[in-house]
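One structure is given below, encoded as structure tokens.
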Amino acid sequence: MFRNQYDTDVTTWSPTGRLFQVEYAMEAVKQGSAAIGLRSRSHVVLACVNKAQSELSSHQKKIFKVDDHIGVAIAGLTADGRVLSRYMRSESINHSFTYESPLPVGRLVVHLADKAQVCTQRSWKRPYGVGLLVGGLDESGAHLYYNCPSGNYFEYQAFAIGSRSQAAKTYLERRFESFGDSSREDLIKDAILAVRETLQGETLKSSLCTVAVLGVGEPFHFLDQEAIQKVIDTFEKVAEEEEGEGEVGEGEAEAAAAPAPAEQGGGGSGDQDVAPMEM
């Protein structure tokens with residue numbers, strides 16, 4: 001995208017009915033480090049990639065606790081994400097103080113979407129350049145919502161946003177039907193595997209990702225680096241064992257396919273001209 005006469009403020013429509021500053025905000029979400037969310041009937045797992053600007057700097061925090069039953073993962077401008085997470089925390093505390101009950105996740109998401117949408121109606125404001133994956137648990141079960149800078153929101157079984165998120169979406173689309181009955185450990189494993197898909201060949205280490213979990217009887221909390229590394233070591237060990245079994249199986253198949261000495265002596269066979277089978 002590039003600057004044109006219709007993007008000087010967010011309230012100016014282009015002749016084709018587009019609001020360019022809203023599209024710029026959505027593009028900022030695509031440029032941010034990847035964030036991933038999954039939910040089952042009883043648990044929600046949020047994961048993100050720890051992306052540092054340089055080798056001399058630390059990474060910025062991308063997952064925030066809103067309440068014991070709500071957490072949020074962001075992709076895009078971290079400063080905007082901190083402001084919105086603080087707003088969500090304030091709304092949750094006010095609701096708990098007034099009604100003495102936890103704030104329903106869906107109601108909080110509606111408040112957040114309304115706040116984002118107002119920024120598309122005021123010429124002196126700009127849209128928030130951040131996408132939020134809001135995970136929570138209330139009386140109706142576990143929920144995972146995606147809040148867009150345009151003010152739209154959608155509920156998902158699993159979703160990924162940010163840079164290289166399409167690879168994670170592909171993995172989640174293959175597996176999402178089993179997430180409803182997944183255990184806490186399986187959800188964490190799938191979240192870390194989805195994070196690995198976004199790295200595109202880079203070796204996955206516990207220092208490259210952050211994982212948070214909440215569920216029935218389990219308030220929102222972050223997994224420590226040792227627990228994450230144990231999960232990574234587990235499925236890497238399984239992958240190595242499967243590769244070893246595959247190599248042994250290929251060797252046995254080659255030995256079985258080798259022709260007997262008596263058969264090699266036969267001449268005039270047309271089998272030599274047959275093309276190998278495509279795999």
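Just so we're on the same page: first chain in the structure tokens is A, next is B, and so on; residues restart at 1 for each chain, and ligands are numbered from 1 in the order they show up.
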
**Request:** Would you mind listing what lies within 8 Å of segment 186-195 of chain A as a list in words, with only C-alpha atoms counted and same-chain residues fewer than 5 positions away left out?
**Result:** Ala34, Ile36, Gly37, Leu38, Arg39, Ser40, Val44, Val45, Leu46, Ala47, Cys48, Val49, Ala167, Ala168, Lys169, Tyr171, Leu172, Phe179, Cys209, Val211, Val231 and Ile232 of chain A

**Every residue of segment 135-195 of chain A that DSSP places in strand (DSSP E or B), as a list in words** =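 Answer for segment 135-195 of chain A, restricted to strand (DSSP E or B): Gly135, Gly136, Leu137, Asp138, Gly141, Ala142, His143, Leu144, Tyr145, Tyr146, Asn147, Tyr153, Phe154, Glu155, Ala158, Phe159, Ala160 and Ile161 of chain A.
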
**Asked** So which one's closest to Gly106 of chain A, A:Thr11, A:Ser140, A:Asn94, A:Thr170? Using only C-alpha atoms, please.
**Response**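 Ranked by minimum distance to Gly106 of chain A, first place goes to A:Ser140.
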